[in-house]
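This is data-v1.pdb. It holds PDB, C-alpha atoms.
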ATOM      1  CA  THR A   3      -2.234-201.902 -65.313
ATOM      2  CA  PRO A   4      -4.013-202.926 -68.535
ATOM      3  CA  LEU A   5      -3.849-206.648 -69.256
ATOM      4  CA  ARG A   6      -5.824-206.702 -72.508
ATOM      5  CA  LEU A   7      -7.083-203.986 -74.868
ATOM      6  CA  ALA A   8      -9.737-203.997 -77.569
ATOM      7  CA  SER A   9     -10.379-201.231 -80.091
ATOM      8  CA  ALA A  10     -13.760-200.613 -81.704
ATOM      9  CA  PRO A  11     -14.067-199.548 -85.367
ATOM     10  CA  THR A  12     -15.055-196.122 -84.013
ATOM     11  CA  GLY A  13     -11.778-195.849 -82.091
ATOM     12  CA  GLU A  14     -13.210-196.395 -78.611
ATOM     13  CA  LEU A  15     -11.269-198.707 -76.306
ATOM     14  CA  CYS A  16     -11.963-201.328 -73.688
ATOM     15  CA  ALA A  17      -9.287-202.388 -71.228
ATOM     16  CA  VAL A  18      -9.078-205.352 -68.870
ATOM     17  CA  GLU A  19      -7.249-204.424 -65.679
ATOM     18  CA  ALA A  20      -4.675-206.887 -64.381
ATOM     19  CA  GLY A  21      -5.096-207.893 -60.765
ATOM     20  CA  THR A  22      -8.770-206.932 -60.532
ATOM     21  CA  GLY A  23     -10.432-208.372 -63.638
ATOM     22  CA  MET A  24     -12.319-205.104 -64.119
ATOM     23  CA  LEU A  25     -13.387-203.944 -67.576
ATOM     24  CA  TRP A  26     -12.859-200.227 -68.280
ATOM     25  CA  LEU A  27     -14.479-198.213 -71.084
ATOM     26  CA  ILE A  28     -12.401-195.461 -72.728
ATOM     27  CA  THR A  29     -13.355-192.892 -75.364
ATOM     28  CA  ARG A  30     -11.456-192.474 -78.633
ATOM     29  CA  ARG A  31      -9.837-189.371 -77.098
ATOM     30  CA  GLY A  32      -8.481-191.446 -74.203
ATOM     31  CA  GLU A  33     -11.009-190.213 -71.655
ATOM     32  CA  LEU A  34     -12.137-192.713 -69.051
ATOM     33  CA  LYS A  35     -15.882-193.399 -69.259
ATOM     34  CA  GLY A  36     -15.905-195.732 -66.258
ATOM     35  CA  SER A  37     -15.839-199.407 -65.362
ATOM     36  CA  ALA A  38     -18.348-201.967 -66.559
ATOM     37  CA  PRO A  39     -20.752-203.002 -63.768
ATOM     38  CA  LEU A  40     -20.040-206.715 -64.137
ATOM     39  CA  SER A  41     -19.959-209.250 -61.315
ATOM     40  CA  HIS A  42     -17.367-211.269 -63.220
ATOM     41  CA  TRP A  43     -13.565-211.380 -63.273
ATOM     42  CA  VAL A  44     -12.854-210.511 -66.911
ATOM     43  CA  THR A  45      -9.791-212.097 -68.527
ATOM     44  CA  ALA A  46      -9.982-210.929 -72.157
ATOM     45  CA  VAL A  47     -12.080-208.757 -74.448
ATOM     46  CA  ALA A  48     -12.614-208.279 -78.196
ATOM     47  CA  TRP A  49     -14.918-206.553 -80.647
ATOM     48  CA  CYS A  50     -16.844-208.741 -83.082
ATOM     49  CA  GLY A  51     -18.645-206.496 -85.530
ATOM     50  CA  GLY A  52     -20.718-204.249 -83.299
ATOM     51  CA  THR A  53     -20.610-206.683 -80.392
ATOM     52  CA  LEU A  54     -18.259-206.511 -77.417
ATOM     53  CA  LEU A  55     -17.257-209.964 -76.166
ATOM     54  CA  ALA A  56     -15.648-210.621 -72.788
ATOM     55  CA  THR A  57     -14.351-213.857 -71.313
ATOM     56  CA  THR A  58     -14.242-214.587 -67.595
ATOM     57  CA  ALA A  59     -12.088-216.520 -65.149
ATOM     58  CA  SER A  60     -14.932-218.995 -64.693
ATOM     59  CA  GLY A  61     -14.922-219.750 -68.432
ATOM     60  CA  ALA A  62     -18.035-217.846 -69.449
ATOM     61  CA  LEU A  63     -18.463-215.815 -72.635
ATOM     62  CA  LEU A  64     -20.332-212.538 -72.148
ATOM     63  CA  LYS A  65     -21.952-210.097 -74.548
ATOM     64  CA  VAL A  66     -21.503-206.610 -73.107
ATOM     65  CA  ASP A  67     -23.126-203.276 -73.934
ATOM     66  CA  PRO A  68     -20.188-201.198 -75.234
ATOM     67  CA  GLU A  69     -21.775-197.907 -74.224
ATOM     68  CA  GLN A  70     -22.577-198.590 -70.568
ATOM     69  CA  GLY A  71     -20.756-201.852 -69.912
ATOM     70  CA  ARG A  72     -23.962-203.656 -68.924
ATOM     71  CA  LEU A  73     -24.169-207.412 -69.266
ATOM     72  CA  LEU A  74     -26.500-208.155 -72.178
ATOM     73  CA  SER A  75     -26.300-211.941 -72.149
ATOM     74  CA  GLU A  76     -24.123-214.944 -71.420
ATOM     75  CA  LEU A  77     -23.534-216.767 -74.679
ATOM     76  CA  PRO A  78     -23.853-220.571 -74.778
ATOM     77  CA  LEU A  79     -20.768-222.732 -75.274
ATOM     78  CA  ALA A  80     -21.620-226.210 -76.519
ATOM     79  CA  GLY A  81     -18.070-227.370 -75.777
ATOM     80  CA  GLY A  82     -18.322-226.392 -72.125
ATOM     81  CA  PRO A  83     -16.730-223.513 -70.195
ATOM     82  CA  LEU A  84     -13.478-222.025 -71.436
ATOM     83  CA  ALA A  85     -10.389-223.136 -69.508
ATOM     84  CA  TRP A  86      -8.845-219.855 -68.295
ATOM     85  CA  PRO A  87      -9.217-217.896 -71.554
ATOM     86  CA  VAL A  88      -6.375-215.391 -71.767
ATOM     87  CA  ALA A  89      -7.188-213.999 -75.222
ATOM     88  CA  VAL A  90     -10.080-213.742 -77.660
ATOM     89  CA  ALA A  91     -10.231-212.700 -81.301
ATOM     90  CA  CYS A  92     -13.014-212.588 -83.852
ATOM     91  CA  ASP A  93     -13.496-212.962 -87.587
ATOM     92  CA  PRO A  94     -16.116-210.284 -88.307
ATOM     93  CA  ALA A  95     -17.033-211.828 -91.665
ATOM     94  CA  SER A  96     -18.082-215.198 -90.247
ATOM     95  CA  GLY A  97     -18.734-214.182 -86.639
ATOM     96  CA  THR A  98     -16.460-217.008 -85.457
ATOM     97  CA  SER A  99     -14.624-216.301 -82.192
ATOM     98  CA  TYR A 100     -11.274-217.790 -81.199
ATOM     99  CA  PHE A 101     -10.126-218.355 -77.625
ATOM    100  CA  ALA A 102      -6.662-219.087 -76.242
ATOM    101  CA  GLU A 103      -7.308-221.495 -73.344
ATOM    102  CA  ARG A 104      -4.182-221.463 -71.223
ATOM    103  CA  ASN A 105      -5.124-224.239 -68.780
ATOM    104  CA  THR A 106      -5.722-226.773 -71.546
ATOM    105  CA  ALA A 107      -2.980-225.535 -73.919
ATOM    106  CA  ARG A 108      -5.313-225.127 -76.849
ATOM    107  CA  VAL A 109      -7.224-222.696 -79.053
ATOM    108  CA  ARG A 110     -10.960-223.147 -79.500
ATOM    109  CA  ALA A 111     -12.945-221.736 -82.434
ATOM    110  CA  VAL A 112     -16.619-221.124 -81.662
ATOM    111  CA  ARG A 113     -19.394-220.318 -84.135
ATOM    112  CA  PRO A 114     -21.953-217.590 -83.385
ATOM    113  CA  ASP A 115     -24.441-220.250 -82.186
ATOM    114  CA  GLY A 116     -21.945-221.475 -79.551
ATOM    115  CA  THR A 117     -20.983-224.743 -81.254
ATOM    116  CA  THR A 118     -17.310-225.614 -81.625
ATOM    117  CA  GLN A 119     -15.886-225.161 -85.116
ATOM    118  CA  PHE A 120     -12.498-226.697 -84.326
ATOM    119  CA  VAL A 121      -9.899-227.069 -81.573
ATOM    120  CA  LEU A 122      -6.155-226.523 -82.030
ATOM    121  CA  THR A 123      -3.679-228.318 -79.806
ATOM    122  CA  ALA A 124      -0.565-228.276 -81.993
ATOM    123  CA  ALA A 125       1.151-226.374 -84.784
ATOM    124  CA  GLY A 126       2.390-229.234 -86.907
ATOM    125  CA  ALA A 127       4.383-231.359 -84.458
ATOM    126  CA  THR A 128       4.697-228.533 -81.919
ATOM    127  CA  PRO A 129       2.219-228.542 -79.007
ATOM    128  CA  LEU A 130       0.410-225.236 -78.436
ATOM    129  CA  SER A 131       1.548-224.983 -74.850
ATOM    130  CA  MET A 132       1.085-221.615 -73.125
ATOM    131  CA  PRO A 133      -0.940-219.796 -75.803
ATOM    132  CA  VAL A 134      -0.943-216.150 -74.750
ATOM    133  CA  ASP A 135      -2.628-214.158 -77.547
ATOM    134  CA  LEU A 136      -4.152-214.433 -81.013
ATOM    135  CA  VAL A 137      -5.363-212.269 -83.895
ATOM    136  CA  VAL A 138      -7.259-212.782 -87.146
ATOM    137  CA  ASP A 139      -5.770-211.530 -90.412
ATOM    138  CA  ALA A 140      -8.978-211.455 -92.472
ATOM    139  CA  THR A 141      -7.236-210.203 -95.627
ATOM    140  CA  ALA A 142      -4.763-213.094 -95.772
ATOM    141  CA  SER A 143      -7.199-215.559 -94.164
ATOM    142  CA  ARG A 144      -4.915-216.442 -91.283
ATOM    143  CA  LEU A 145      -5.366-216.996 -87.578
ATOM    144  CA  TRP A 146      -2.144-216.150 -85.757
ATOM    145  CA  VAL A 147      -1.454-217.703 -82.344
ATOM    146  CA  LEU A 148       1.345-216.472 -80.075
ATOM    147  CA  ARG A 149       2.879-218.694 -77.420
ATOM    148  CA  GLU A 150       4.578-217.343 -74.324
ATOM    149  CA  THR A 151       7.656-219.475 -74.739
ATOM    150  CA  SER A 152       9.019-222.370 -76.761
ATOM    151  CA  GLU A 153      12.218-224.208 -75.982
ATOM    152  CA  GLY A 154      14.124-224.385 -79.252
ATOM    153  CA  GLY A 155      11.059-223.675 -81.401
ATOM    154  CA  MET A 156       8.931-220.931 -82.904
ATOM    155  CA  LEU A 157       6.549-218.705 -80.972
ATOM    156  CA  LEU A 158       4.123-217.508 -83.655
ATOM    157  CA  HIS A 159       1.947-219.926 -85.618
ATOM    158  CA  ALA A 160      -0.542-219.462 -88.465
ATOM    159  CA  PHE A 161      -3.693-221.478 -89.139
ATOM    160  CA  SER A 162      -6.677-221.285 -91.434
ATOM    161  CA  PRO A 163      -9.440-219.437 -89.548
ATOM    162  CA  ALA A 164     -12.067-221.504 -91.376
ATOM    163  CA  THR A 165     -10.714-225.034 -90.891
ATOM    164  CA  GLY A 166      -7.878-224.787 -88.376
ATOM    165  CA  GLN A 167      -5.382-226.202 -90.879
ATOM    166  CA  TYR A 168      -1.810-225.485 -89.820
ATOM    167  CA  LEU A 169      -0.065-223.151 -92.275
ATOM    168  CA  ALA A 170       3.263-221.866 -90.948
ATOM    169  CA  SER A 171       5.421-220.936 -87.952
ATOM    170  CA  THR A 172       7.777-218.015 -87.433
ATOM    171  CA  VAL A 173       9.498-215.846 -84.783
ATOM    172  CA  SER A 174      12.209-217.770 -82.977
ATOM    173  CA  ARG A 175      12.787-217.593 -79.238
ATOM    174  CA  GLY A 176      15.851-215.712 -78.053
ATOM    175  CA  THR A 177      17.329-212.295 -77.324
ATOM    176  CA  GLY A 178      18.923-211.617 -80.700
ATOM    177  CA  GLY A 179      17.700-209.268 -83.403
ATOM    178  CA  GLY A 180      14.160-210.104 -84.459
ATOM    179  CA  GLN A 181      13.800-212.749 -81.762
ATOM    180  CA  VAL A 182      11.345-212.807 -78.861
ATOM    181  CA  SER A 183      12.259-214.292 -75.506
ATOM    182  CA  GLN A 184       8.812-214.242 -73.853
ATOM    183  CA  GLY A 185       5.655-213.585 -75.824
ATOM    184  CA  GLY A 186       3.255-211.246 -74.059
ATOM    185  CA  ALA A 187       0.795-209.831 -76.585
ATOM    186  CA  LEU A 188       0.031-209.803 -80.293
ATOM    187  CA  ALA A 189      -1.559-207.184 -82.557
ATOM    188  CA  ILE A 190      -2.100-206.664 -86.287
ATOM    189  CA  ASP A 191      -2.704-203.569 -88.386
ATOM    190  CA  GLY A 192      -4.693-203.057 -91.577
ATOM    191  CA  SER A 193      -1.738-203.919 -93.820
ATOM    192  CA  GLY A 194      -1.098-207.240 -92.119
ATOM    193  CA  ARG A 195       1.931-206.199 -90.084
ATOM    194  CA  LEU A 196       2.233-208.203 -86.877
ATOM    195  CA  PHE A 197       3.422-206.678 -83.606
ATOM    196  CA  VAL A 198       4.723-208.984 -80.882
ATOM    197  CA  ALA A 199       5.299-207.664 -77.366
ATOM    198  CA  ASP A 200       8.269-209.292 -75.637
ATOM    199  CA  ARG A 201       7.415-209.339 -71.935
ATOM    200  CA  PHE A 202      10.965-210.141 -70.836
ATOM    201  CA  GLN A 203      12.863-207.620 -72.964
ATOM    202  CA  SER A 204      10.142-204.920 -72.748
ATOM    203  CA  VAL A 205      10.147-204.332 -76.496
ATOM    204  CA  VAL A 206       7.686-204.674 -79.381
ATOM    205  CA  VAL A 207       8.948-206.313 -82.579
ATOM    206  CA  ALA A 208       7.188-205.833 -85.932
ATOM    207  CA  TYR A 209       7.019-208.502 -88.655
ATOM    208  CA  ASP A 210       5.392-208.904 -92.039
ATOM    209  CA  ARG A 211       3.159-211.892 -92.830
ATOM    210  CA  ALA A 212       6.184-213.957 -93.864
ATOM    211  CA  GLY A 213       7.878-213.351 -90.510
ATOM    212  CA  THR A 214      10.440-210.879 -91.846
ATOM    213  CA  VAL A 215      11.509-208.408 -89.175
ATOM    214  CA  LEU A 216      10.387-204.840 -89.885
ATOM    215  CA  GLY A 217      11.661-203.175 -86.733
TER     216      GLY A 217
END

In structure tokens, write the structure found in this file.
Amino acid sequence: TPLRLASAPTGELCAVEAGTGMLWLITRRGELKGSAPLSHWVTAVAWCGGTLLATTASGALLKVDPEQGRLLSELPLAGGPLAWPVAVACDPASGTSYFAERNTARVRAVRPDGTTQFVLTAAGATPLSMPVDLVVDATASRLWVLRETSEGGMLLHAFSPATGQYLASTVSRGTGGGQVSQGGALAIDGSGRLFVADRFQSVVVAYDRAGTVLG
């Protein structure tokens, strides 16, 4: 069962398998190339330019050869190991990577040299408990963070990817039209449409940047 997916600009895919932490390489035609020969339990994966980044259960950040899945290097993290990173996203323009750290209920932004750019622990007055996924909207200059649940609050929050400034919140929790009861995954397309997977209702809901439901 795939836990996390990452798509390269060329259309090739990488998938993290739930339950095993294995990283699988897949061609753009959907053909399985094989598993990456890593001695790490992978938790999340993302493309950053031409680089494939993978996070591990031990909190390491790995640079992986996208062709053969070989470990190229372990990247330094000046802020210490990641605390159970469940999602990673990248701003290809700046090279900054963003990590949802579930065990510390925060999002960490890391520069290419491994130093911490900023840390997010709240969206306004709302704590970022249970962050589950995140994406970068480079066109609108927004970092979107999805939470798994929020009692009486919003699940999707926007920040500046450069400074971490809180910008907005949207997507209410519930089972009604346009609502999400349990956030599971988040994706964005080239036009800025956001797709939120509801783990409880087994549906995907689409929104525009303003949070208007598209379907």

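Proximity ranking of A:Leu64, A:Val47, A:Leu130, A:Leu5 relative to A:Leu148 places A:Leu130 first, based on all atoms listed in the file.
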
- Message: Which residues are near A:Arg104? Cut-off 12 Å, all atoms listed in the file, ignore same chain within fewer than 2 positions. Put them as a PyMOL selection string.
- Response: chain A and resi 45+59+61+84-90+101-102+106-110+123+130-135+148-150

- Task: Find the spatial neighbours of stretch 50-54 of chain A, counting only C-alpha atoms, within a cut-off of 9 Å - ignore same-chain residues fewer than 6 positions away - and output them as a VMD selection string.
- Result: chain A and resid 8 10 to 11 16 64 to 68 91 to 95 97 to 99

- Pairwise distance for atom CA of A:Leu40 and atom CA of A:Ala111, rounded to one decimal in Å: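 Going from atom CA of A:Leu40 over to atom CA of A:Ala111, I get 24.7 Å.
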
- Item | A:Arg6, A:Arg30, A:Lys35, A:Arg201 ranked by distance to A:Gly185, top pick (using all atoms listed in the file) |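 With all atoms listed in the file as the atom set, the closest residue is A:Arg201.
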
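Put simply, atom CA of A:Gly192 is 14.6 Å away from atom CA of A:Thr12.
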
- Pick out the closest residue to A:Asn105 from this set: A:Ser60, A:Ser171, A:Ser183, A:Ser37. Count only C-alpha atoms.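 Smallest distance to A:Asn105 is found for A:Ser60.
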
- Task: Can you give me, as a list in words, the residues this file yields under the PyMOL selection byres ((chain A and resi 214) around 12)?
- Result: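 After applying the PyMOL selection byres ((chain A and resi 214) around 12), what remains is Ser171, Thr172, Val173, Ser174, Gly179, Gly180, Gln181, Arg195, Leu196, Phe197, Val207, Ala208, Tyr209, Asp210, Arg211, Ala212, Gly213, Val215, Leu216 and Gly217 of chain A.
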
Expected selection from the PyMOL selection byres ((chain A and resi 164) around 12), given as a PDB file with C-alpha atoms, in the coordinates of the input:
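Produced file result18.pdb, reproduced below:
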ATOM      1  CA  CYS A  92     -13.014-212.588 -83.852  1.00  0.00           C
ATOM      2  CA  ASP A  93     -13.496-212.962 -87.587  1.00  0.00           C
ATOM      3  CA  ALA A  95     -17.033-211.828 -91.665  1.00  0.00           C
ATOM      4  CA  SER A  96     -18.082-215.198 -90.247  1.00  0.00           C
ATOM      5  CA  GLY A  97     -18.734-214.182 -86.639  1.00  0.00           C
ATOM      6  CA  THR A  98     -16.460-217.008 -85.457  1.00  0.00           C
ATOM      7  CA  SER A  99     -14.624-216.301 -82.192  1.00  0.00           C
ATOM      8  CA  TYR A 100     -11.274-217.790 -81.199  1.00  0.00           C
ATOM      9  CA  ALA A 111     -12.945-221.736 -82.434  1.00  0.00           C
ATOM     10  CA  VAL A 112     -16.619-221.124 -81.662  1.00  0.00           C
ATOM     11  CA  ARG A 113     -19.394-220.318 -84.135  1.00  0.00           C
ATOM     12  CA  THR A 118     -17.310-225.614 -81.625  1.00  0.00           C
ATOM     13  CA  GLN A 119     -15.886-225.161 -85.116  1.00  0.00           C
ATOM     14  CA  PHE A 120     -12.498-226.697 -84.326  1.00  0.00           C
ATOM     15  CA  VAL A 121      -9.899-227.069 -81.573  1.00  0.00           C
ATOM     16  CA  VAL A 138      -7.259-212.782 -87.146  1.00  0.00           C
ATOM     17  CA  ASP A 139      -5.770-211.530 -90.412  1.00  0.00           C
ATOM     18  CA  ALA A 140      -8.978-211.455 -92.472  1.00  0.00           C
ATOM     19  CA  ALA A 142      -4.763-213.094 -95.772  1.00  0.00           C
ATOM     20  CA  SER A 143      -7.199-215.559 -94.164  1.00  0.00           C
ATOM     21  CA  ARG A 144      -4.915-216.442 -91.283  1.00  0.00           C
ATOM     22  CA  LEU A 145      -5.366-216.996 -87.578  1.00  0.00           C
ATOM     23  CA  PHE A 161      -3.693-221.478 -89.139  1.00  0.00           C
ATOM     24  CA  SER A 162      -6.677-221.285 -91.434  1.00  0.00           C
ATOM     25  CA  PRO A 163      -9.440-219.437 -89.548  1.00  0.00           C
ATOM     26  CA  THR A 165     -10.714-225.034 -90.891  1.00  0.00           C
ATOM     27  CA  GLY A 166      -7.878-224.787 -88.376  1.00  0.00           C
ATOM     28  CA  GLN A 167      -5.382-226.202 -90.879  1.00  0.00           C
ATOM     29  CA  TYR A 168      -1.810-225.485 -89.820  1.00  0.00           C
TER      30      TYR A 168
END

Box for stretch 173-186 of chain A: with edges along x, y and z, all listed atoms inside and 5 Å added on each side, what are the centre and edge lengths in Å to one decimal, as lines of an AutoDock Vina configuration file?
center_x = 11.1
center_y = -213.5
center_z = -79.3
size_x = 25.7
size_y = 18.5
size_z = 20.9

- Which residue out of A:Gly32, A:Pro83, A:Pro39, A:Gly126 has the minimum interatomic distance to A:Glu103 when all atoms listed in the file are used?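 Closest to A:Glu103, using all atoms listed in the file: A:Pro83.
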
- Item | Atom pair atom CA of A:Met24 / atom CA of A:Ala38: separation (Å) | 7.2 Å

- Which residue of A:Leu34, A:Gly82, A:Thr128, A:Leu77 approaches A:Asp115 most closely, using all atoms listed in the file: A:Leu77

- Item | Neighbours of point (-11.4, -194.5, -77.1) within 7 Å, using only C-alpha atoms, written as a list in words |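 Here the neighbourhood of the point contains Gly13, Glu14, Leu15, Ile28, Thr29, Arg30, Arg31, Gly32 and Glu33 of chain A.
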
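For the choices A:Leu73, A:Val44, A:Ala62, A:Val137, the atom-to-atom distance to A:Asp191 is smallest for A:Val137 when using only C-alpha atoms.
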